[in-house]
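Engineer: Got start-v1.cif for you, mmCIF, C-alpha atoms:
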data_input
#
loop_
_atom_site.label_atom_id
_atom_site.label_comp_id
_atom_site.auth_asym_id
_atom_site.auth_seq_id
_atom_site.Cartn_x
_atom_site.Cartn_y
_atom_site.Cartn_z
CA MET A 1 43.48 24.39 26.61
CA ASN A 2 45.62 25.88 29.36
CA LEU A 3 47.39 28.98 28.09
CA SER A 4 48.67 30.26 31.44
CA TRP A 5 52.28 29.74 30.25
CA MET A 6 51.73 32.51 27.71
CA ALA A 7 51.23 34.90 30.62
CA TRP A 8 48.80 37.27 28.92
CA THR A 9 48.23 40.69 30.43
CA PRO A 10 45.46 43.16 29.50
CA ALA A 11 48.10 45.57 28.13
CA THR A 12 49.81 43.05 25.83
CA ALA A 13 46.46 41.58 24.77
CA ALA A 14 45.27 45.07 23.81
CA PHE A 15 48.54 45.66 21.95
CA PHE A 16 48.16 42.54 19.79
CA ILE A 17 44.41 43.05 19.30
CA VAL A 18 45.09 46.58 17.97
CA ILE A 19 47.78 45.26 15.61
CA GLY A 20 45.47 42.41 14.48
CA LEU A 21 42.55 44.79 13.90
CA THR A 22 44.84 47.18 12.00
CA LEU A 23 45.92 44.33 9.70
CA VAL A 24 42.30 43.23 9.15
CA GLY A 25 41.24 46.85 8.57
CA MET A 26 44.03 47.46 6.07
CA THR A 27 43.14 44.24 4.23
CA ILE A 28 39.48 45.32 3.95
CA TRP A 29 40.62 48.80 2.86
CA GLN A 30 42.82 47.24 0.19
CA ILE A 31 39.94 45.05 -1.08
CA LEU A 32 37.49 47.96 -1.19
CA ALA A 33 39.93 50.50 -2.64
CA PRO A 34 42.94 48.73 -4.17
CA SER A 35 45.99 50.96 -3.96
CA GLU A 36 48.99 51.09 -6.25
CA GLU A 37 52.61 51.16 -5.14
CA ARG A 38 54.07 54.64 -5.02
CA VAL A 39 57.54 56.10 -4.68
CA GLY A 40 58.02 58.55 -1.81
CA ILE A 41 60.92 60.27 -0.07
CA LEU A 42 62.78 56.98 0.43
CA SER A 43 62.75 56.58 -3.37
CA ILE A 44 61.52 53.00 -3.08
CA PRO A 45 58.09 51.74 -4.13
CA THR A 46 55.91 51.21 -1.07
CA THR A 47 52.44 49.76 -0.53
CA PRO A 48 50.25 50.73 2.46
CA GLY A 49 51.43 47.46 4.07
CA ASP A 50 55.07 48.57 3.75
CA ARG A 51 54.17 51.91 5.27
CA LEU A 52 52.40 50.19 8.19
CA PHE A 53 55.48 48.03 8.77
CA LEU A 54 57.73 51.12 8.75
CA THR A 55 55.35 52.86 11.14
CA LEU A 56 55.33 49.97 13.62
CA LEU A 57 59.10 49.41 13.42
CA GLY A 58 59.81 53.14 13.75
CA ALA A 59 57.33 53.43 16.64
CA ALA A 60 59.14 50.62 18.47
CA TYR A 61 62.46 52.44 18.05
CA ILE A 62 60.93 55.77 19.13
CA HIS A 63 59.56 54.16 22.31
CA LEU A 64 62.91 52.49 23.06
CA ALA A 65 64.83 55.71 22.44
CA TRP A 66 62.46 57.63 24.72
CA LEU A 67 62.77 54.98 27.42
CA GLY A 68 66.57 54.96 27.18
CA LEU A 69 67.18 58.70 26.85
CA VAL A 70 64.28 60.40 28.66
CA GLY A 71 62.30 58.16 31.01
CA PRO A 72 59.40 55.77 31.53
CA ASP A 73 56.62 58.28 30.70
CA LEU A 74 55.86 56.79 27.29
CA TRP A 75 52.83 58.91 26.32
CA TRP A 76 55.16 61.43 24.68
CA ALA A 77 56.83 58.65 22.72
CA PHE A 78 53.38 57.44 21.70
CA GLY A 79 52.45 60.94 20.50
CA ILE A 80 55.68 61.23 18.49
CA SER A 81 55.04 57.76 17.03
CA VAL A 82 51.56 58.78 15.87
CA LEU A 83 53.00 61.88 14.17
CA TYR A 84 55.76 59.73 12.68
CA GLY A 85 53.17 57.22 11.41
CA LEU A 86 51.12 59.98 9.78
CA ALA A 87 54.29 61.33 8.13
CA VAL A 88 55.19 57.84 6.85
CA PHE A 89 51.72 57.31 5.35
CA ARG A 90 51.78 60.79 3.80
CA TRP A 91 55.31 61.03 2.39
CA VAL A 92 57.04 57.63 2.24
CA MET B 26 51.82 39.70 -26.01
CA THR B 27 49.79 40.20 -22.90
CA LEU B 28 49.40 37.46 -20.38
CA ASP B 29 45.90 36.91 -19.06
CA LYS B 30 46.11 35.98 -15.43
CA THR B 31 43.20 34.36 -13.68
CA VAL B 32 42.61 36.02 -10.36
CA ASN B 33 41.24 33.48 -7.95
CA ASN B 34 41.25 34.42 -4.29
CA ARG B 35 40.63 30.82 -3.30
CA ALA B 36 44.35 30.33 -4.00
CA TRP B 37 44.90 31.94 -0.60
CA PHE B 38 43.73 28.68 0.98
CA MET B 39 46.88 27.07 -0.45
CA VAL B 40 48.92 29.39 1.76
CA LEU B 41 46.97 28.42 4.86
CA PRO B 42 49.24 25.53 6.00
CA VAL B 43 52.25 27.86 5.91
CA LEU B 44 50.35 30.49 7.87
CA VAL B 45 49.43 27.94 10.53
CA LEU B 46 53.05 26.77 10.72
CA VAL B 47 54.37 30.33 11.03
CA ALA B 48 51.74 31.07 13.68
CA PHE B 49 52.94 28.15 15.78
CA ASN B 50 56.68 28.54 15.39
CA ALA B 51 56.99 32.33 15.20
CA VAL B 52 53.93 34.38 16.15
CA ILE B 53 52.88 32.54 19.32
CA PRO B 54 56.43 32.41 20.76
CA LEU B 55 56.88 36.09 19.88
CA MET B 56 53.64 37.00 21.64
CA THR B 57 54.79 35.02 24.67
CA VAL B 58 58.12 36.86 24.70
CA VAL B 59 56.26 40.18 24.58
CA ASN B 60 54.12 39.01 27.51
CA TYR B 61 57.18 37.95 29.52
CA SER B 62 58.96 41.23 28.79
CA VAL B 63 56.48 43.26 30.82
CA GLN B 64 56.28 40.92 33.82
CA GLU B 65 58.28 39.47 36.68
CA SER B 66 58.02 35.69 36.54
CA PHE B 67 58.21 33.14 39.32
CA ALA B 68 58.07 29.36 39.36
CA GLY B 69 54.66 27.78 38.73
CA ASN B 70 53.54 30.29 36.13
CA VAL B 71 53.18 33.14 38.61
CA PHE B 72 53.58 36.55 37.01
CA PHE B 73 53.53 40.17 38.21
CA PHE B 74 53.07 43.10 35.85
CA GLU B 75 56.12 45.40 35.73
CA GLY B 76 55.40 47.59 32.69
CA SER B 77 58.45 48.93 30.88
CA LYS B 78 60.84 48.23 33.80
CA TRP B 79 62.86 45.48 32.08
CA PHE B 80 63.28 47.46 28.89
CA GLU B 81 64.57 50.40 30.89
CA GLN B 82 66.89 48.13 32.82
CA VAL B 83 68.31 46.53 29.65
CA LEU B 84 68.72 49.88 27.88
CA HIS B 85 70.68 51.26 30.84
CA SER B 86 72.63 48.07 31.52
CA GLU B 87 76.39 48.29 31.05
CA ARG B 88 76.43 44.57 30.45
CA PHE B 89 74.08 44.97 27.47
CA HIS B 90 76.10 47.92 26.12
CA ALA B 91 79.29 45.88 26.38
CA ALA B 92 77.76 42.85 24.62
CA LEU B 93 76.35 45.09 21.88
CA LEU B 94 79.72 46.79 21.43
CA ARG B 95 81.46 43.41 21.19
CA GLN B 96 78.83 42.30 18.68
CA LEU B 97 79.35 45.40 16.52
CA ALA B 98 83.14 45.02 16.74
CA PHE B 99 82.89 41.37 15.72
CA THR B 100 80.56 42.09 12.79
CA ALA B 101 82.71 45.00 11.56
CA THR B 102 85.90 42.94 11.82
CA ILE B 103 84.64 39.90 9.94
CA LEU B 104 83.05 42.07 7.22
CA ALA B 105 86.29 44.03 6.79
CA ILE B 106 88.17 40.76 6.29
CA GLU B 107 85.71 38.44 4.55
CA ILE B 108 84.46 40.75 1.79
CA PRO B 109 87.87 41.84 0.33
CA LEU B 110 89.33 38.36 0.91
CA GLY B 111 86.35 36.69 -0.76
CA VAL B 112 86.56 39.01 -3.78
CA GLY B 113 90.33 38.44 -3.96
CA ILE B 114 89.96 34.66 -3.94
CA ALA B 115 87.14 34.79 -6.52
CA LEU B 116 89.37 36.87 -8.82
CA THR B 117 92.14 34.27 -8.69
CA MET B 118 89.85 31.28 -9.32
CA PRO B 119 89.96 29.72 -12.82
CA ARG B 120 87.08 30.59 -15.18
CA LYS B 121 87.19 27.41 -17.26
CA GLY B 122 88.74 23.96 -17.24
CA PRO B 123 88.64 21.04 -14.82
CA TRP B 124 89.96 23.13 -11.91
CA VAL B 125 86.72 25.10 -11.77
CA SER B 126 84.81 22.20 -10.19
CA VAL B 127 87.68 21.39 -7.83
CA CYS B 128 87.84 25.00 -6.61
CA LEU B 129 84.07 25.26 -6.24
CA VAL B 130 83.85 22.04 -4.22
CA LEU B 131 86.76 23.11 -2.00
CA MET B 132 85.13 26.49 -1.46
CA ALA B 133 81.76 24.95 -0.63
CA LEU B 134 83.19 22.50 1.94
CA PRO B 135 83.35 24.83 4.97
CA LEU B 136 79.76 25.88 4.31
CA LEU B 137 78.57 22.28 4.57
CA ILE B 138 79.95 21.69 8.06
CA PRO B 139 77.43 22.10 10.90
CA TRP B 140 78.11 25.13 13.08
CA ASN B 141 78.67 23.22 16.32
CA VAL B 142 81.16 20.97 14.51
CA VAL B 143 83.01 24.06 13.23
CA GLY B 144 83.25 25.28 16.83
CA ALA B 145 84.47 21.88 18.04
CA ILE B 146 87.04 21.56 15.22
CA TRP B 147 88.50 25.00 15.96
CA ASN B 148 88.42 24.42 19.69
CA ILE B 149 90.63 21.34 19.30
CA PHE B 150 92.70 22.86 16.45
CA ALA B 151 93.57 25.94 18.51
CA LEU B 152 94.25 24.28 21.87
CA PRO B 153 97.75 25.36 23.00
CA SER B 154 98.48 21.94 24.52
CA PHE B 155 97.95 19.67 21.51
CA GLY B 156 96.06 21.58 18.80
CA LEU B 157 97.94 22.05 15.54
CA LEU B 158 97.34 25.81 15.39
CA GLY B 159 97.99 26.37 19.10
CA ARG B 160 101.22 24.35 19.07
CA ALA B 161 102.40 26.01 15.84
CA ILE B 162 101.87 29.58 17.12
CA ASN B 163 103.52 28.79 20.44
CA GLY B 164 106.31 27.04 18.54
CA LEU B 165 107.01 30.33 16.75
CA GLY B 166 107.74 31.87 20.13
CA ILE B 167 104.43 33.77 20.32
CA SER B 168 102.52 33.17 23.53
CA TYR B 169 99.05 31.98 22.54
CA ASN B 170 96.26 30.56 24.66
CA PHE B 171 92.71 31.33 23.56
CA THR B 172 91.24 29.87 26.75
CA ARG B 173 93.04 32.43 28.95
CA ASP B 174 93.84 35.49 26.85
CA ALA B 175 91.00 37.70 25.54
CA GLY B 176 93.01 38.88 22.52
CA ASP B 177 93.86 35.30 21.55
CA ALA B 178 90.19 34.30 21.97
CA TRP B 179 89.13 37.11 19.62
CA PHE B 180 91.82 36.20 17.12
CA THR B 181 90.64 32.56 17.09
CA LEU B 182 86.98 33.55 16.88
CA VAL B 183 87.56 35.87 13.93
CA LEU B 184 89.81 33.33 12.20
CA MET B 185 87.16 30.63 12.63
CA ASP B 186 84.43 32.83 11.18
CA VAL B 187 86.66 33.85 8.27
CA TRP B 188 87.42 30.19 7.58
CA HIS B 189 83.76 29.23 7.78
CA TRP B 190 82.10 32.05 5.85
CA THR B 191 84.58 33.61 3.40
CA SER B 192 83.56 30.84 0.99
CA LEU B 193 80.07 32.28 0.80
CA VAL B 194 81.49 35.63 -0.35
CA VAL B 195 83.81 33.81 -2.77
CA LEU B 196 80.96 31.85 -4.35
CA LEU B 197 78.75 34.93 -4.69
CA ALA B 198 81.56 37.07 -6.09
CA TYR B 199 82.56 34.25 -8.46
CA ALA B 200 78.97 34.00 -9.73
CA GLY B 201 79.04 37.76 -10.33
CA LEU B 202 82.34 37.52 -12.21
CA MET B 203 81.14 34.63 -14.38
CA ALA B 204 78.11 36.66 -15.43
CA ILE B 205 80.28 39.36 -17.07
CA PRO B 206 80.18 38.92 -20.86
CA ASN B 207 83.55 38.44 -22.56
CA ALA B 208 82.95 41.49 -24.75
CA TYR B 209 83.70 43.76 -21.76
CA TYR B 210 87.16 42.24 -21.34
CA GLN B 211 87.82 42.44 -25.08
CA ALA B 212 86.87 46.11 -25.11
CA ALA B 213 89.15 46.74 -22.12
CA LYS B 214 91.99 44.97 -23.92
CA ILE B 215 91.53 47.12 -27.03
CA ASP B 216 91.61 50.24 -24.84
CA GLY B 217 94.78 48.97 -23.20
CA ALA B 218 93.20 49.00 -19.73
CA SER B 219 95.37 47.93 -16.80
CA ARG B 220 94.45 44.99 -14.52
CA TRP B 221 93.38 47.50 -11.86
CA ALA B 222 91.23 49.45 -14.35
CA VAL B 223 89.50 46.23 -15.43
CA PHE B 224 88.73 45.46 -11.78
CA ARG B 225 87.69 49.00 -10.89
CA TYR B 226 85.54 49.81 -13.92
CA ILE B 227 84.25 46.40 -15.08
CA GLN B 228 84.42 43.69 -12.45
CA LEU B 229 83.58 45.68 -9.32
CA PRO B 230 80.52 47.47 -10.79
CA LYS B 231 79.27 44.17 -12.25
CA MET B 232 79.69 42.46 -8.87
CA ARG B 233 77.83 45.23 -7.04
CA ARG B 234 74.60 43.31 -6.75
CA VAL B 235 76.08 40.06 -5.46
CA LEU B 236 78.42 41.92 -3.12
CA THR B 237 75.47 43.82 -1.66
CA ILE B 238 73.81 40.47 -0.99
CA ALA B 239 77.07 39.11 0.48
CA VAL B 240 77.53 42.10 2.82
CA LEU B 241 73.94 42.03 4.02
CA LEU B 242 73.87 38.25 4.48
CA ARG B 243 77.10 38.27 6.46
CA LEU B 244 75.97 41.31 8.43
CA MET B 245 72.73 39.67 9.53
CA ASP B 246 74.26 36.24 10.04
CA SER B 247 77.19 37.50 12.09
CA PHE B 248 74.82 39.57 14.19
CA MET B 249 72.94 36.43 15.14
CA ILE B 250 75.98 34.16 15.58
CA TYR B 251 75.70 31.84 18.58
CA THR B 252 76.76 28.23 18.14
CA GLU B 253 80.36 28.65 16.98
CA PRO B 254 81.55 31.09 19.70
CA PHE B 255 79.53 29.15 22.28
CA VAL B 256 81.37 25.92 21.45
CA LEU B 257 84.76 27.62 20.93
CA THR B 258 85.02 29.93 23.92
CA GLY B 259 81.65 29.79 25.71
CA GLY B 260 81.79 33.60 25.78
CA GLY B 261 85.09 33.65 27.68
CA PRO B 262 87.69 34.15 28.93
CA GLY B 263 85.68 36.25 31.37
CA ASN B 264 83.09 37.95 29.19
CA SER B 265 85.50 38.88 26.41
CA THR B 266 83.73 36.98 23.63
CA THR B 267 80.20 37.18 25.06
CA LEU B 268 78.29 38.39 22.02
CA LEU B 269 74.63 39.43 22.19
CA SER B 270 73.14 35.98 21.62
CA ILE B 271 75.42 34.32 24.18
CA ASP B 272 74.61 36.99 26.76
CA LEU B 273 70.91 36.54 26.05
CA VAL B 274 71.07 32.79 26.66
CA LYS B 275 73.09 33.36 29.86
CA ILE B 276 70.37 35.68 31.19
CA ALA B 277 67.44 33.54 30.02
CA LEU B 278 68.67 30.03 30.80
CA GLY B 279 71.64 30.59 33.13
CA GLN B 280 70.03 33.06 35.50
CA PHE B 281 66.44 32.29 34.49
CA ASP B 282 65.61 36.02 34.44
CA LEU B 283 62.79 35.69 31.94
CA GLY B 284 61.64 39.34 32.08
CA PRO B 285 65.00 41.02 31.31
CA ALA B 286 65.84 38.24 28.81
CA ALA B 287 62.53 38.77 27.00
CA ALA B 288 63.08 42.55 26.89
CA MET B 289 66.61 42.06 25.62
CA SER B 290 65.52 39.55 22.98
CA LEU B 291 62.86 41.99 21.71
CA ILE B 292 65.45 44.78 21.39
CA TYR B 293 67.75 42.31 19.63
CA PHE B 294 64.87 41.21 17.40
CA LEU B 295 64.13 44.81 16.44
CA MET B 296 67.75 45.31 15.37
CA VAL B 297 67.67 42.19 13.19
CA LEU B 298 64.24 43.17 11.84
CA ALA B 299 65.58 46.60 10.79
CA MET B 300 68.52 44.91 9.04
CA SER B 301 66.18 42.48 7.30
CA TRP B 302 64.10 45.39 6.08
CA VAL B 303 67.19 47.09 4.66
CA PHE B 304 68.14 43.79 3.01
CA TYR B 305 64.68 43.37 1.49
CA THR B 306 64.58 46.98 0.31
CA VAL B 307 68.01 46.84 -1.30
CA MET B 308 67.14 43.54 -3.02
CA THR B 309 63.85 44.94 -4.33
CA ARG B 310 65.64 48.02 -5.64
CA GLU B 311 68.32 45.96 -7.34
CA GLU B 312 65.67 43.74 -8.94
CA ALA B 313 63.77 46.77 -10.16
CA ARG B 314 66.95 48.09 -11.74
CA THR B 315 67.69 44.92 -13.75
#
Take the structure I supplied and represent it as structure tokens, if you would.
Structural biologist:
Amino acid sequence: MNLSWMAWTPATAAFFIVIGLTLVGMTIWQILAPSEERVGILSIPTTPGDRLFLTLLGAAYIHLAWLGLVGPDLWWAFGISVLYGLAVFRWV
Amino acid sequence: MTLDKTVNNRAWFMVLPVLVLVAFNAVIPLMTVVNYSVQESFAGNVFFFEGSKWFEQVLHSERFHAALLRQLAFTATILAIEIPLGVGIALTMPRKGPWVSVCLVLMALPLLIPWNVVGAIWNIFALPSFGLLGRAINGLGISYNFTRDAGDAWFTLVLMDVWHWTSLVVLLAYAGLMAIPNAYYQAAKIDGASRWAVFRYIQLPKMRRVLTIAVLLRLMDSFMIYTEPFVLTGGGPGNSTTLLSIDLVKIALGQFDLGPAAAMSLIYFLMVLAMSWVFYTVMTREEART
């Protein structure tokens, strides 16, 4: 099957592999140690899956904001996103 | 009484066809868009890696800012008109009798018309040369030509959307009103409440849930609107009605700039995704409350 039209690059492949592995990992984690919904600072019940979604969505916005307001050096945005993700998993 | 549920993980196999379908029509195209967004593309599937260049270009592009601003202005305008108008119409609709069905069918009609047909109807209806609306406005001595004047184009666009979608708000608000038990109205009558007090303290709070759905549905839908303005004005005159989706198609298919178009569509997608999340969260909260 010729998939050249999908124009894969090592960077985007790594990006999707990491997201895929995270989903698989979280599924295994959920099977091994089932978690309950909890209510955090957003005052809505969230599961670890919800918190992962919020982390990924927020990280995308952080990267875009950094790119638009500061510049193309995205390692800082990545660092902020990691901190943001930890905060989401801890408090949301 | 407790309900004993059988947990059988093999049930997940039943979901498999849907997963395959979603993979083909959503995930694979999305992955491809992500791939395109970081590359310069040439004919014959030749690509060069560009990193975050297109995202930076889109974020700093005045054209994108202008389209986004127009989109926000359009969404705010139609929400400001459709929600109060829809509630107003729902309040005047009969609650019982043969006219209920007549009103409901009339209200549902605009929702049944395909979007491109709505655009075509309004295009002809508003033409200044022979359209009923165009001729009538010009006949009143007001100069009106939606194909040449940006203000007229906006007026027609907003009017078309109000005509097409207010019914949705009406039907939702009407459903909310019908769900209010009669006892509330009787109690209000005993207390000698005014018409306004009945609306403010009984009807509006009881319609809160359906109105939240109406606002969020119209917000997301209007943010993704494409077909009707494309058929009505094509984004013109000039760029005056070029909303985000129209601009995106112009870049992707008109100019064939796949990289910038992919970056723009991902930014656009993230906006809609954030709105969808808000919608889902609000719905879950409302359900938990009832």
Engineer: List every residue of chain A that has an atom at most 7 Å from any atom of chain B, giving for each one its closest atom pair and the distance in Å to one decimal, counting all atoms listed in the file, sorted by chain and then by ascending residue number, as a Markdown table.
Structural biologist:
| residue | atom | partner | partner_atom | distance |
| --- | --- | --- | --- | --- |
| A:Ser4 | CA | B:Asn70 | CA | 6.8 |
| A:Trp5 | CA | B:Asn70 | CA | 6.0 |
| A:Met6 | CA | B:Thr57 | CA | 5.0 |
| A:Ala7 | CA | B:Asn60 | CA | 5.9 |
| A:Trp8 | CA | B:Asn60 | CA | 5.8 |
| A:Thr9 | CA | B:Asn60 | CA | 6.8 |
| A:Thr12 | CA | B:Asn60 | CA | 6.1 |
| A:Ile44 | CA | B:Arg310 | CA | 7.0 |
| A:Leu67 | CA | B:Glu81 | CA | 6.0 |
| A:Gly68 | CA | B:Leu84 | CA | 5.6 |
| A:Pro72 | CA | B:Ser77 | CA | 6.9 |
Engineer: Within 10 Å of (80.2, 42.2, -9.6), all atoms listed in the file: residues as a list in words?
Structural biologist: Val112, Leu197, Ala198, Tyr199, Ala200, Gly201, Leu202, Met203, Ala204, Ile205, Phe224, Ile227, Gln228, Leu229, Pro230, Lys231, Met232, Arg233, Arg234, Val235, Leu236 and Thr237 of chain B
Engineer: What is the CA of Ile162 (chain B) to CA of Leu269 (chain B) distance in Å?
Structural biologist: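 Result for CA of Ile162 (chain B) versus CA of Leu269 (chain B): 29.4 Å, one decimal.
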Engineer: Could you expand the PyMOL selection byres ((chain A and resi 49) around 12) into the explicit residues it covers here, written as a list of chain:residue names?
Structural biologist: A:Thr22, A:Leu23, A:Val24, A:Gly25, A:Met26, A:Thr27, A:Trp29, A:Gln30, A:Pro34, A:Ser35, A:Glu36, A:Glu37, A:Arg38, A:Pro45, A:Thr46, A:Thr47, A:Pro48, A:Asp50, A:Arg51, A:Leu52, A:Phe53, A:Leu54, A:Thr55, A:Leu56, A:Val88, A:Phe89, A:Val92
Engineer: Go through the shown structure with the PyMOL selection byres ((chain B and resi 172-175) around 10) and write out the matching residues as a count of residues only.
Structural biologist: 23
